[in-house]
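Structure file my_file_9.cif with mmCIF, C-alpha atoms:
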data_structure
#
loop_
_atom_site.label_atom_id
_atom_site.label_comp_id
_atom_site.auth_asym_id
_atom_site.auth_seq_id
_atom_site.Cartn_x
_atom_site.Cartn_y
_atom_site.Cartn_z
CA MET I 1 104.13 166.69 88.56
CA ARG I 2 105.49 169.77 86.82
CA GLN I 3 103.68 170.54 83.57
CA ASP I 4 105.43 170.34 80.21
CA LYS I 5 106.62 173.91 79.61
CA TYR I 6 106.44 173.33 75.86
CA ASN I 7 102.83 172.15 75.97
CA PRO I 8 101.05 172.01 73.56
CA GLN I 9 103.38 169.90 71.42
CA SER I 10 103.10 169.19 67.71
CA GLY I 11 105.16 167.22 65.23
CA ILE I 12 105.34 164.10 63.10
CA ILE I 13 104.64 160.47 64.01
CA TYR I 14 106.75 157.69 62.49
CA ASN I 15 104.79 154.46 62.12
CA GLY I 16 106.65 152.01 59.91
CA ASP I 17 106.73 153.63 56.47
CA ALA I 18 103.82 155.92 57.32
CA ARG I 19 104.25 159.54 58.38
CA PHE I 20 101.49 161.72 59.79
CA ASN I 21 101.06 164.78 61.99
CA PHE I 22 100.13 164.97 65.66
CA PHE I 23 99.00 167.70 68.02
CA LEU I 24 99.30 167.06 71.77
CA ASP I 25 97.51 169.36 74.18
CA ASP I 26 97.24 168.49 77.88
CA TYR I 27 97.39 164.70 77.38
CA CYS I 28 94.96 164.72 74.46
CA ALA I 29 96.71 163.68 71.23
CA THR I 30 95.17 164.25 67.80
CA PHE I 31 96.65 162.33 64.87
CA MET I 32 96.08 163.71 61.36
CA ASP I 33 96.88 162.07 58.04
CA THR I 34 96.25 163.72 54.67
CA ASP I 35 96.32 160.33 52.95
CA SER I 36 93.12 158.30 52.85
CA SER I 37 94.90 155.03 53.62
CA GLU I 38 94.16 153.31 56.91
CA ILE I 39 96.67 153.74 59.75
CA HIS I 40 97.24 150.92 62.25
CA LEU I 41 98.84 151.63 65.64
CA ASN I 42 99.65 148.35 67.37
CA THR I 43 102.47 149.01 69.84
CA PRO I 44 101.98 150.44 73.37
CA PHE I 45 103.91 153.59 72.39
CA ILE I 46 103.56 155.85 69.37
CA PHE I 47 106.92 157.35 68.41
CA GLY I 48 107.60 160.62 66.65
CA GLN I 49 109.42 163.93 66.68
CA THR I 50 108.20 167.36 67.72
CA TYR I 51 108.71 170.41 65.57
CA GLY I 52 111.20 171.42 68.26
CA TYR I 53 113.32 168.46 67.05
CA LYS I 54 112.82 166.39 70.19
CA ASN I 55 111.89 162.73 70.01
CA ILE I 56 108.62 161.83 71.71
CA ALA I 57 106.86 158.61 72.78
CA ILE I 58 103.10 158.92 73.39
CA TYR I 59 101.64 156.12 75.47
CA LYS I 60 98.70 154.42 73.77
CA GLY I 61 98.25 151.22 75.77
CA GLU I 62 98.00 147.63 74.61
CA ASN I 63 94.83 147.99 72.52
CA SER I 64 95.33 148.53 68.78
CA ILE I 65 93.95 151.60 67.02
CA SER I 66 93.02 151.91 63.34
CA PHE I 67 91.93 155.14 61.66
CA THR I 68 91.88 157.15 58.46
CA ARG I 69 92.61 160.88 58.24
CA ARG I 70 92.02 161.80 61.92
CA GLN I 71 92.03 160.14 65.34
CA ARG I 72 91.93 161.55 68.88
CA LEU I 73 93.59 159.75 71.81
CA ASN I 74 93.38 160.63 75.50
CA THR I 75 96.67 159.45 76.96
CA SER I 76 97.81 159.12 80.56
CA ALA I 77 101.48 159.66 79.79
CA TYR I 78 104.09 160.65 77.27
CA ILE I 79 107.89 160.77 77.27
CA ILE I 80 110.20 163.30 75.64
CA ALA I 81 113.93 162.90 74.92
CA VAL I 82 114.96 166.36 76.09
CA GLU I 83 118.51 166.53 74.69
CA ASN I 84 118.01 166.77 70.93
CA ALA I 85 121.77 166.93 70.32
CA LEU I 86 122.08 163.33 71.57
CA ALA I 87 120.72 160.09 70.16
CA THR I 88 117.56 158.52 71.61
CA ASP I 89 117.18 154.87 72.57
CA TRP I 90 113.54 153.93 73.20
CA ASN I 91 114.33 150.26 73.81
CA GLY I 92 114.83 150.69 77.54
CA PHE I 93 116.52 152.56 80.38
CA ASP I 94 119.01 151.89 83.19
CA TYR I 95 117.73 154.09 86.00
CA ILE I 96 114.93 156.48 86.93
CA GLU I 97 115.49 159.91 88.44
CA PHE I 98 112.84 161.56 90.63
CA ARG I 99 113.30 165.22 91.53
CA GLY I 100 111.61 167.37 94.17
CA GLY I 101 107.94 167.23 95.03
CA ILE I 102 107.17 164.86 97.89
CA LEU I 103 110.88 164.01 98.17
CA ASN I 104 111.55 167.46 99.64
CA ASN I 105 109.26 166.47 102.52
CA LEU I 106 110.87 163.07 103.06
CA PHE I 107 114.55 164.01 102.95
CA SER I 108 116.32 167.02 104.44
CA CYS I 109 118.79 168.46 101.92
CA HIS I 110 122.21 169.00 103.48
CA ALA I 111 124.74 168.96 100.63
CA LEU I 112 126.05 172.36 101.72
CA GLU I 113 127.83 173.03 105.01
CA SER I 114 128.73 176.52 106.19
CA GLU I 115 131.79 177.32 108.25
CA HIS I 116 132.10 180.70 109.99
CA LYS I 117 135.69 182.02 109.92
CA ASP I 118 137.36 184.22 112.53
CA ASP I 119 137.64 187.06 110.01
CA GLY I 120 133.85 187.16 109.67
CA SER I 121 133.75 185.35 106.32
CA ILE I 122 131.63 182.27 105.67
CA GLN I 123 133.08 179.27 103.86
CA ILE I 124 130.62 177.00 102.06
CA ASN I 125 131.68 173.37 101.74
CA LEU I 126 130.12 170.75 99.50
CA TYR I 127 129.05 167.60 101.32
CA ASP I 128 127.94 164.25 99.92
CA ASP I 129 124.58 163.65 101.63
CA THR I 130 123.54 160.62 99.57
CA GLU I 131 122.16 157.48 101.20
CA HIS I 132 122.08 154.07 99.49
CA TYR I 133 119.54 151.26 99.89
CA LYS I 134 119.81 148.01 97.93
CA PHE I 135 117.14 145.40 97.22
CA ALA I 136 116.49 142.60 94.74
CA LEU I 137 113.70 142.53 92.16
CA GLY I 138 113.63 138.90 91.10
CA ASP I 139 117.08 138.31 89.62
CA CYS I 140 117.71 142.02 89.13
CA GLU I 141 119.81 143.94 91.66
CA CYS I 142 118.35 147.38 92.38
CA GLU I 143 119.42 150.38 94.41
CA PHE I 144 117.76 153.51 95.73
CA VAL I 145 120.06 156.52 96.03
CA ILE I 146 118.57 159.55 97.84
CA GLY I 147 120.41 162.85 98.18
CA SER I 148 120.52 166.43 97.00
CA ALA I 149 122.64 168.68 94.82
CA ALA I 150 123.94 172.23 95.11
CA ASN I 151 122.86 174.57 92.31
CA GLU I 152 124.69 177.76 91.42
CA SER I 153 123.04 180.59 89.51
CA PHE I 154 124.31 183.94 88.24
CA GLY I 155 122.27 187.09 87.76
CA LEU I 156 122.41 190.86 87.69
CA THR I 157 121.86 190.96 91.44
CA GLY I 158 124.65 188.51 92.23
CA ILE I 159 125.42 184.83 92.66
CA SER I 160 123.24 182.38 94.56
CA ILE I 161 123.92 178.83 95.69
CA THR I 162 120.93 176.74 96.65
CA ASN I 163 120.43 173.27 98.07
CA ASN I 164 116.68 172.74 98.30
CA GLU I 165 115.77 169.87 95.99
CA ALA I 166 115.92 166.19 96.95
CA ILE I 167 116.77 163.69 94.22
CA LEU I 168 115.96 159.98 94.24
CA LEU I 169 117.54 157.51 91.82
CA LEU I 170 116.20 153.99 91.22
CA LYS I 171 119.02 152.04 89.60
CA PHE I 172 118.93 148.60 87.93
CA ASN I 173 121.89 146.37 87.15
CA ASN I 174 120.44 145.59 83.72
CA SER I 175 118.42 147.57 81.21
CA GLN I 176 114.64 147.69 81.75
CA PRO I 177 111.97 147.85 78.99
CA LEU I 178 110.39 151.25 78.41
CA ASN I 179 106.83 150.20 79.30
CA SER I 180 107.98 148.98 82.75
CA ALA I 181 108.78 152.57 83.80
CA PHE I 182 105.17 153.38 84.69
CA ASP I 183 104.88 150.32 86.92
CA TYR I 184 108.10 151.22 88.75
CA ILE I 185 106.98 154.82 89.21
CA CYS I 186 103.69 153.60 90.72
CA LYS I 187 105.57 151.32 93.12
CA VAL I 188 107.85 154.16 94.21
CA LYS I 189 104.77 156.30 94.85
CA GLU I 190 103.28 153.45 96.87
CA MET I 191 106.39 153.32 99.04
CA LEU I 192 106.46 157.07 99.60
CA SER I 193 102.72 157.21 100.32
CA ILE I 194 103.35 154.95 103.33
CA MET I 195 106.08 157.31 104.55
CA ALA I 196 103.88 160.39 104.02
CA PHE I 197 100.54 158.81 105.06
CA ARG I 198 99.04 160.35 101.90
CA LYS I 199 98.09 159.00 98.48
CA ASN I 200 98.16 162.38 96.72
CA ILE I 201 101.93 162.61 96.29
CA ASP I 202 103.89 163.64 93.22
CA PHE I 203 107.27 164.78 91.92
CA ASP I 204 108.43 167.93 90.17
CA GLU I 205 110.23 165.96 87.46
CA ILE I 206 110.85 162.34 86.46
CA TYR I 207 113.56 161.25 84.01
CA LEU I 208 114.63 157.93 82.50
CA HIS I 209 118.39 157.62 81.99
CA HIS I 210 120.88 155.39 80.18
CA ASP I 211 124.30 154.52 81.54
CA ASN I 212 125.57 155.51 78.07
CA ARG I 213 126.10 159.27 78.36
CA ASN I 214 125.83 159.66 74.58
CA LEU I 215 122.10 158.95 74.81
CA SER I 216 119.52 161.57 75.77
CA LYS I 217 117.70 161.42 79.09
CA MET I 218 113.94 161.09 78.71
CA GLN I 219 111.45 163.13 80.72
CA VAL I 220 108.25 161.38 81.80
CA PHE I 221 104.98 163.33 81.95
CA LEU I 222 102.15 161.64 83.83
CA LYS I 223 98.60 162.95 83.91
CA SER I 224 97.45 163.89 87.40
CA ASP I 225 94.34 165.83 88.37
CA VAL I 226 94.78 165.66 92.16
CA GLN I 227 95.96 168.44 94.45
CA THR I 228 99.21 167.20 95.95
CA THR I 229 99.71 167.08 99.70
CA LYS I 230 101.07 170.07 101.59
CA LYS I 231 102.13 167.95 104.55
CA ASP I 232 105.34 169.16 106.19
CA ILE I 233 108.51 167.09 106.61
CA VAL I 234 108.25 167.20 110.42
CA HIS I 235 105.15 164.98 110.24
CA ASN I 236 106.49 162.45 107.72
CA ILE I 237 108.60 159.33 108.17
CA THR I 238 111.82 160.41 106.46
CA PHE I 239 114.41 158.30 104.63
CA PRO I 240 116.96 158.53 107.48
CA GLU I 241 114.29 157.56 110.03
CA LEU I 242 113.20 154.50 108.09
CA GLY I 243 116.83 153.66 107.33
CA GLU I 244 117.46 150.09 106.17
CA GLY I 245 113.71 149.59 106.30
CA ILE I 246 113.72 151.31 102.89
CA SER I 247 115.33 148.21 101.37
CA LYS I 248 112.82 145.86 103.00
CA LEU I 249 109.85 148.05 102.07
CA ALA I 250 111.06 148.22 98.46
CA SER I 251 111.51 144.45 98.36
CA ILE I 252 107.96 143.88 99.64
CA ILE I 253 106.30 146.33 97.25
CA PHE I 254 108.35 145.64 94.12
CA ASN I 255 108.11 141.86 94.51
CA SER I 256 104.43 141.72 95.48
CA LYS I 257 102.36 139.46 93.24
CA ASP I 258 98.69 139.26 92.46
CA LYS I 259 96.65 137.23 94.97
CA GLU I 260 99.60 136.96 97.38
CA VAL I 261 99.32 138.61 100.80
CA ALA I 262 102.01 141.29 101.21
CA PHE I 263 100.41 144.37 102.76
CA GLU I 264 97.20 146.40 102.80
CA ILE I 265 97.44 150.20 102.80
CA GLY I 266 94.22 151.15 101.03
CA PHE I 267 93.09 153.14 104.07
CA ILE I 268 95.79 155.81 103.61
CA PRO I 269 94.11 159.24 103.13
CA ASN I 270 93.56 160.45 99.58
CA SER I 271 94.29 164.04 100.58
CA ASP I 272 95.09 166.33 103.52
CA LYS I 273 91.36 166.90 104.04
CA ASP I 274 90.65 163.16 104.11
CA ILE I 275 92.86 162.30 107.09
CA HIS I 276 90.10 162.29 109.73
CA TRP I 277 87.38 160.97 107.43
CA ILE I 278 86.30 157.40 108.26
CA SER I 279 83.82 155.59 105.99
CA ASN I 280 82.49 152.04 105.80
CA ASP I 281 85.01 151.33 103.05
CA LYS I 282 87.85 152.51 105.28
CA VAL I 283 86.55 150.33 108.13
CA ARG I 284 86.76 147.30 105.83
CA LEU I 285 90.23 148.26 104.60
CA ILE I 286 91.59 148.85 108.11
CA CYS I 287 90.25 145.51 109.30
CA SER I 288 91.68 143.77 106.22
CA ALA I 289 95.04 145.45 106.89
CA LEU I 290 95.05 144.17 110.48
CA GLU I 291 94.18 140.64 109.36
CA CYS I 292 96.97 140.88 106.78
CA GLU I 293 99.50 141.87 109.45
CA LEU I 294 98.27 139.08 111.74
CA SER I 295 99.10 136.58 108.99
CA PHE I 296 102.79 137.48 109.47
CA ILE I 297 102.73 137.02 113.26
CA ASP I 298 102.95 133.52 114.76
CA ASP I 299 102.77 134.15 118.48
CA ILE I 300 99.45 135.97 118.86
CA CYS I 301 97.07 133.97 121.12
CA ALA I 302 99.71 131.23 121.18
CA SER I 303 98.32 129.22 124.12
CA GLU I 304 94.71 129.52 122.89
CA GLU I 305 95.83 128.49 119.40
CA GLU I 306 97.50 125.38 120.84
CA HIS I 307 94.29 124.40 122.66
CA LEU I 308 92.28 125.03 119.48
CA GLN I 309 94.54 122.71 117.48
CA GLU I 310 94.06 120.01 120.12
CA LEU I 311 90.29 120.46 119.84
CA ILE I 312 90.47 120.27 116.03
CA LEU I 313 92.41 116.98 116.18
CA ALA I 314 89.92 115.54 118.67
CA VAL I 315 86.91 116.56 116.56
CA LYS I 316 88.50 115.21 113.38
CA GLN I 317 89.12 111.88 115.08
CA GLN I 318 85.53 111.74 116.32
CA VAL I 319 84.20 112.48 112.81
CA LYS I 320 86.41 109.73 111.35
CA THR I 321 85.14 107.29 113.99
CA HIS I 322 81.55 108.21 113.10
CA ARG I 323 82.32 107.72 109.38
CA ASN I 324 83.45 104.16 110.10
CA GLY I 325 80.42 103.39 112.28
CA PRO I 326 77.03 101.87 111.44
CA ASP I 327 75.20 105.24 111.16
CA LYS I 328 77.59 106.92 108.74
CA LEU I 329 76.48 109.83 106.57
CA SER I 330 77.12 110.47 102.87
CA ALA I 331 80.68 111.07 101.68
CA LYS I 332 79.84 114.63 100.59
CA THR I 333 78.55 115.46 104.07
CA TYR I 334 81.83 114.36 105.63
CA ASP I 335 83.72 116.40 103.01
CA LEU I 336 81.67 119.44 104.05
CA ILE I 337 82.36 118.81 107.75
CA PHE I 338 86.14 118.50 107.22
CA SER I 339 86.13 121.56 104.98
CA ASN I 340 84.40 123.52 107.74
CA ILE I 341 86.86 122.32 110.39
CA ARG I 342 89.77 123.57 108.26
CA THR I 343 88.42 127.12 108.64
CA TRP I 344 88.41 127.03 112.45
CA SER I 345 90.67 129.66 113.98
CA MET I 346 90.88 132.09 116.84
CA SER I 347 88.49 135.01 116.40
CA ALA I 348 89.83 138.10 114.65
CA GLY I 349 88.61 140.21 117.57
CA ASP I 350 90.67 138.29 120.14
CA LYS I 351 93.76 138.46 117.95
CA ILE I 352 93.46 142.17 117.26
CA CYS I 353 92.92 142.87 120.97
CA GLN I 354 96.13 141.06 121.83
CA LEU I 355 97.94 142.81 118.99
CA TYR I 356 96.71 146.17 120.28
CA HIS I 357 98.07 145.48 123.78
CA ARG I 358 101.41 144.55 122.22
CA TYR I 359 101.64 148.11 120.84
CA GLU I 360 99.45 149.86 123.42
CA LYS I 361 102.25 152.18 124.51
CA GLU I 362 102.79 153.32 120.91
CA ILE I 363 99.06 153.84 120.24
CA LEU I 364 98.71 155.87 123.43
CA ALA I 365 101.65 158.02 122.33
CA ILE I 366 99.81 158.76 119.06
CA SER I 367 96.63 159.54 120.97
CA HIS I 368 98.30 161.91 123.43
CA ARG I 369 99.65 164.07 120.59
CA MET I 370 96.15 164.62 119.21
CA ARG I 371 94.06 167.66 120.10
CA ASP I 372 91.31 165.35 121.39
CA SER I 373 92.99 162.18 122.62
CA ILE I 374 91.26 158.89 121.82
CA ASP I 375 91.55 155.94 124.19
CA ILE I 376 90.23 152.57 123.04
CA THR I 377 89.47 149.36 124.92
CA ASN I 378 89.00 145.68 124.09
CA ASP I 379 85.25 146.25 123.97
CA ASP I 380 85.76 149.05 121.44
CA ILE I 381 87.85 146.76 119.24
CA LEU I 382 85.29 143.94 119.46
CA GLU I 383 82.51 146.39 118.53
CA PHE I 384 84.64 147.55 115.59
CA ILE I 385 85.02 143.95 114.36
CA LYS I 386 81.31 143.31 114.88
CA TYR I 387 80.48 146.43 112.87
CA ARG I 388 82.83 145.38 110.04
CA ASN I 389 81.25 141.92 109.89
CA SER I 390 77.78 143.44 109.85
CA ILE I 391 78.38 145.82 106.92
CA THR I 392 80.35 143.17 105.03
CA HIS I 393 77.29 140.90 105.05
CA GLY I 394 75.03 143.61 103.70
CA ALA I 395 73.45 145.05 106.85
CA TYR I 396 72.78 148.78 106.94
CA ARG I 397 74.56 150.42 109.85
CA VAL I 398 75.10 154.02 110.84
CA LEU I 399 78.80 154.67 111.49
CA GLU I 400 78.90 156.01 115.04
CA GLN I 401 81.67 158.22 116.37
CA LYS I 402 83.03 155.55 118.71
CA ILE I 403 83.50 153.09 115.85
CA ALA I 404 85.11 155.83 113.73
CA ASN I 405 87.50 156.76 116.57
CA THR I 406 88.49 153.12 117.04
CA ALA I 407 89.04 152.70 113.31
CA PHE I 408 91.23 155.80 113.19
CA MET I 409 93.50 154.61 116.01
CA LEU I 410 93.75 151.09 114.60
CA GLN I 411 95.39 152.61 111.52
CA GLY I 412 98.28 153.38 113.87
CA LEU I 413 98.35 149.72 114.92
CA VAL I 414 98.73 148.71 111.26
CA TYR I 415 101.64 151.14 110.93
CA CYS I 416 103.36 149.74 114.02
CA CYS I 417 103.10 146.23 112.56
CA ILE I 418 104.44 147.28 109.16
CA LEU I 419 107.38 149.15 110.71
CA LYS I 420 108.18 146.14 112.87
CA ARG I 421 108.16 143.94 109.75
CA LEU I 422 110.61 146.36 108.15
CA GLY I 423 113.05 145.72 110.99
CA MET I 424 112.52 148.87 113.04
CA SER I 425 113.13 148.55 116.77
CA GLU I 426 110.39 149.10 119.36
CA ASP I 427 112.17 152.21 120.62
CA ALA I 428 112.38 153.66 117.12
CA ILE I 429 108.68 152.97 116.47
CA LEU I 430 107.73 154.57 119.78
CA ASN I 431 109.88 157.59 118.93
CA LEU I 432 108.00 158.08 115.64
CA CYS I 433 104.68 157.87 117.49
CA GLN I 434 105.81 160.36 120.13
CA ASN I 435 107.04 162.82 117.50
CA GLY I 436 103.81 162.93 115.53
CA LYS I 437 105.09 160.93 112.55
CA ILE I 438 102.21 158.45 112.54
CA LEU I 439 98.59 159.30 111.55
CA SER I 440 99.31 163.00 111.08
#
So that I can check it, write out the structure of this file as structure tokens.
Amino acid sequence: MRQDKYNPQSGIIYNGDARFNFFLDDYCATFMDTDSSEIHLNTPFIFGQTYGYKNIAIYKGENSISFTRRQRLNTSAYIIAVENALATDWNGFDYIEFRGGILNNLFSCHALESEHKDDGSIQINLYDDTEHYKFALGDCECEFVIGSAANESFGLTGISITNNEAILLLKFNNSQPLNSAFDYICKVKEMLSIMAFRKNIDFDEIYLHHDNRNLSKMQVFLKSDVQTTKKDIVHNITFPELGEGISKLASIIFNSKDKEVAFEIGFIPNSDKDIHWISNDKVRLICSALECELSFIDDICASEEEHLQELILAVKQQVKTHRNGPDKLSAKTYDLIFSNIRTWSMSAGDKICQLYHRYEKEILAISHRMRDSIDITNDDILEFIKYRNSITHGAYRVLEQKIANTAFMLQGLVYCCILKRLGMSEDAILNLCQNGKILS
């Protein structure tokens, strides 16, 4: 994200009745108090004002801090109310504005339309290119608005009109607490990382806004040490391409809860250089992602599953008969047997093979766009599962190229499943695969 152009910052912190100085340089805050009394900082944010007369909130976290005279704090974020002529309300915000960065590679700006006249002149018309996607976050109604704006600038060399920055708004129908902003920003990044097939994404600027125009907007600065992706828009899944799937993706990510299966995308590359790198950790994550997607599909191995359930019922009945017979075992043994039976299911390998054949046309389309096409078979998938099971149980294995190739292509299978869950048609998914939008 764009660096604070006024960095380093300095000013005064207001903490109850206490006043003391601060110096903020590249996310390292130093607090200085000339008094010898002890200072206690208990809230997640430390509020103050810069010597440039702008209100600032430095994120401290939940842990309390106590100090006398001097204390240094490495922070991951701070927020500045940029319009010092307006009042500041730190209690919450109504919407978040994201500008530029990865958005420019996920949305094609087209707020300006040119019309060539017969007299040789060119007429520029302003066009509303915004798209709206609604979703619910618990009881809160939310909306994503993606679009762009035309900017006019004047200079000694003339006038220029540009339209090259995408803007994303995340709106809420009721005010949100300040400390929830970071969680929402992370969730937006998670959504966009799926569309870009990269984790190292960022924005040029992020602002928190109030519906009350008499209150200052607040710019968010987040610490980031990663080199952001240079991936081009032609290889990303854009907002128009995902369409109404944006609403469903937002609903899944924003409403996901701890220990509840929603999705697994940990295998997404950390950087542009990481795209073709397959490790044991990625093998585990890809397999977990496939098993996650299988949990949302009911008709994989349907006939075999029906026969398995018949077998389970028959075995349970036989165990019950044995328990009522003259040679019965201990109660705990029967509990162990029934507990084991409850885990019986079709093998992951068989399910993933069937899932692969369901999207075989799409996976082949991905493969054929690669410089060195990769074709995988059922045996390759079963070897992949066997390898995952082996390393999961502690065995040392050398990751061979065939396993790595299979793992790489199965990432595409995960994507096909996710896109299907988001409501995308088979033709639309195939089109993305054919146009190099998946695994590139």
What do you get, as a short mmCIF file (atom, residue, chain, number, x, y, z; two decimals) with C-alpha atoms, keeping the file's coordinate frame, if you spell out every residue that the PyMOL selection byres ((chain I and resi 15-25) around 9) selects here?
data_model
loop_
_atom_site.label_atom_id
_atom_site.label_comp_id
_atom_site.auth_asym_id
_atom_site.auth_seq_id
_atom_site.Cartn_x
_atom_site.Cartn_y
_atom_site.Cartn_z
CA ASN I 7 102.83 172.15 75.97
CA PRO I 8 101.05 172.01 73.56
CA GLN I 9 103.38 169.90 71.42
CA SER I 10 103.10 169.19 67.71
CA GLY I 11 105.16 167.22 65.23
CA ILE I 12 105.34 164.10 63.10
CA ILE I 13 104.64 160.47 64.01
CA TYR I 14 106.75 157.69 62.49
CA ASP I 26 97.24 168.49 77.88
CA TYR I 27 97.39 164.70 77.38
CA CYS I 28 94.96 164.72 74.46
CA ALA I 29 96.71 163.68 71.23
CA THR I 30 95.17 164.25 67.80
CA PHE I 31 96.65 162.33 64.87
CA MET I 32 96.08 163.71 61.36
CA ASP I 33 96.88 162.07 58.04
CA THR I 34 96.25 163.72 54.67
CA ASP I 35 96.32 160.33 52.95
CA ILE I 39 96.67 153.74 59.75
CA HIS I 40 97.24 150.92 62.25
CA LEU I 41 98.84 151.63 65.64
CA ILE I 46 103.56 155.85 69.37
CA PHE I 47 106.92 157.35 68.41
CA GLY I 48 107.60 160.62 66.65
CA THR I 50 108.20 167.36 67.72
#
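A straight line drawn from atom CA of Val319 of chain I to atom CA of Tyr334 of chain I is 7.8 Å long.
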So that each row is one residue of segment 214-323 of chain I with an atom at most 9 Å from segment 138-157 of chain I, can you give its shortest atom pair and the distance in Å to one decimal, using only C-alpha atoms, rows by chain and rising number, as CSV?
residue,atom,partner,partner_atom,distance
I:Phe239,CA,I:Ile146,CA,8.1
I:Ile246,CA,I:Phe144,CA,8.5
I:Ser247,CA,I:Phe144,CA,8.1
I:Ala250,CA,I:Phe144,CA,9.0
I:Asn255,CA,I:Gly138,CA,7.1
Next, dump the selected residues to file, keeping only C-alpha atoms, as an mmCIF file, in the coordinates of the input.
data_model
loop_
_atom_site.group_PDB
_atom_site.id
_atom_site.type_symbol
_atom_site.label_atom_id
_atom_site.label_comp_id
_atom_site.auth_asym_id
_atom_site.auth_seq_id
_atom_site.Cartn_x
_atom_site.Cartn_y
_atom_site.Cartn_z
ATOM 1 C CA PHE I 239 114.410 158.300 104.630
ATOM 2 C CA ILE I 246 113.720 151.310 102.890
ATOM 3 C CA SER I 247 115.330 148.210 101.370
ATOM 4 C CA ALA I 250 111.060 148.220 98.460
ATOM 5 C CA ASN I 255 108.110 141.860 94.510
#
Answer key for the PyMOL selection byres ((chain I and resi 279-288) around 9), residues as a PyMOL selection string: chain I and resi 264-268+277-278+289-293+384-385+387-389+391-392+399+403-404+407-408+410-411+414
Result set of the PyMOL selection byres ((chain I and resi 208-217) around 6) on the coordinates above, as a ChimeraX atom specification: /I:81,83,86-88,93-96,207,218
Asn435 of chain I proximity check over I:His235, I:Ala348, I:Lys332, I:Lys361, using all atoms listed in the file: winner is I:His235
Would you be able to write out as a PDB file with C-alpha atoms, keeping the file's coordinate frame which residues have an atom within 10 Å of (131.2, 178.5, 98.8) in the file's coordinates, counting all atoms listed in the file?
ATOM      1  CA  LEU I 112     126.050 172.360 101.720  1.00  0.00           C
ATOM      2  CA  GLU I 113     127.830 173.030 105.010  1.00  0.00           C
ATOM      3  CA  SER I 114     128.730 176.520 106.190  1.00  0.00           C
ATOM      4  CA  GLU I 115     131.790 177.320 108.250  1.00  0.00           C
ATOM      5  CA  ILE I 122     131.630 182.270 105.670  1.00  0.00           C
ATOM      6  CA  GLN I 123     133.080 179.270 103.860  1.00  0.00           C
ATOM      7  CA  ILE I 124     130.620 177.000 102.060  1.00  0.00           C
ATOM      8  CA  ASN I 125     131.680 173.370 101.740  1.00  0.00           C
ATOM      9  CA  LEU I 126     130.120 170.750  99.500  1.00  0.00           C
ATOM     10  CA  GLU I 152     124.690 177.760  91.420  1.00  0.00           C
ATOM     11  CA  SER I 160     123.240 182.380  94.560  1.00  0.00           C
ATOM     12  CA  ILE I 161     123.920 178.830  95.690  1.00  0.00           C
TER      13      ILE I 161
END
Residues near Lys199 of chain I, anyone? I mean within 7 Å using only C-alpha atoms, not counting same-chain ones fewer than 6 positions away, as a ChimeraX atom specification. /I:193,268-271
Write to file, as a PDB file, in the frame of the given file, the residues of the selection just made, with C-alpha atoms.
ATOM      1  CA  SER I 193     102.720 157.210 100.320  1.00  0.00           C
ATOM      2  CA  ILE I 268      95.790 155.810 103.610  1.00  0.00           C
ATOM      3  CA  PRO I 269      94.110 159.240 103.130  1.00  0.00           C
ATOM      4  CA  ASN I 270      93.560 160.450  99.580  1.00  0.00           C
ATOM      5  CA  SER I 271      94.290 164.040 100.580  1.00  0.00           C
TER       6      SER I 271
END
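Closest to Asn104 of chain I among I:Phe221, I:Tyr6, I:Phe203, I:Phe263 is I:Phe203, based on all atoms listed in the file.
Using all atoms listed in the file, the nearest neighbour of Lys60 of chain I within the list I:Lys187, I:Lys231, I:Lys328, I:Arg72 is I:Arg72.
Of the residues listed (I:Met424, I:Gly349, I:Thr228, I:Ile185), I:Gly349 shows the shortest atom-to-atom separation from Lys386 of chain I; distances use only C-alpha atoms.
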Just want the 9 Å neighbourhood of Thr377 of chain I, counted on only C-alpha atoms, with same-chain residues fewer than 5 positions away dropped. Output as JSON, numbers by chain. {"I": [353, 382, 406]}
Scan for residues within 12 Å of the point (104.9, 140.0, 110.7) in the coordinates of the file, using all atoms listed in the file, and reply as a ChimeraX atom specification. /I:261-263,289-300,355,414-424
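As for atom CA of Asn84 of chain I and atom CA of Asn55 of chain I, they are spaced 7.4 Å apart.
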With 6 Å of padding per side, what axis-aligned box (centre and edge lengths, Å, one decimal) covers all the listed atoms of segment 392-404 of chain I? Give it as AutoDock Vina command-line options.
--center_x 78.9 --center_y 149.6 --center_z 111.2 --size_x 24.3 --size_y 29.3 --size_z 27.0
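Taking atom CA of Ile252 of chain I and atom CA of Asn179 of chain I as the two end points, the separation is 21.3 Å.
Of the residues under consideration (I:His357, I:Ser251, I:Ser347, I:His276), I:His276 shows the shortest atom-to-atom contact distance to Ser440 of chain I when counting only C-alpha atoms.
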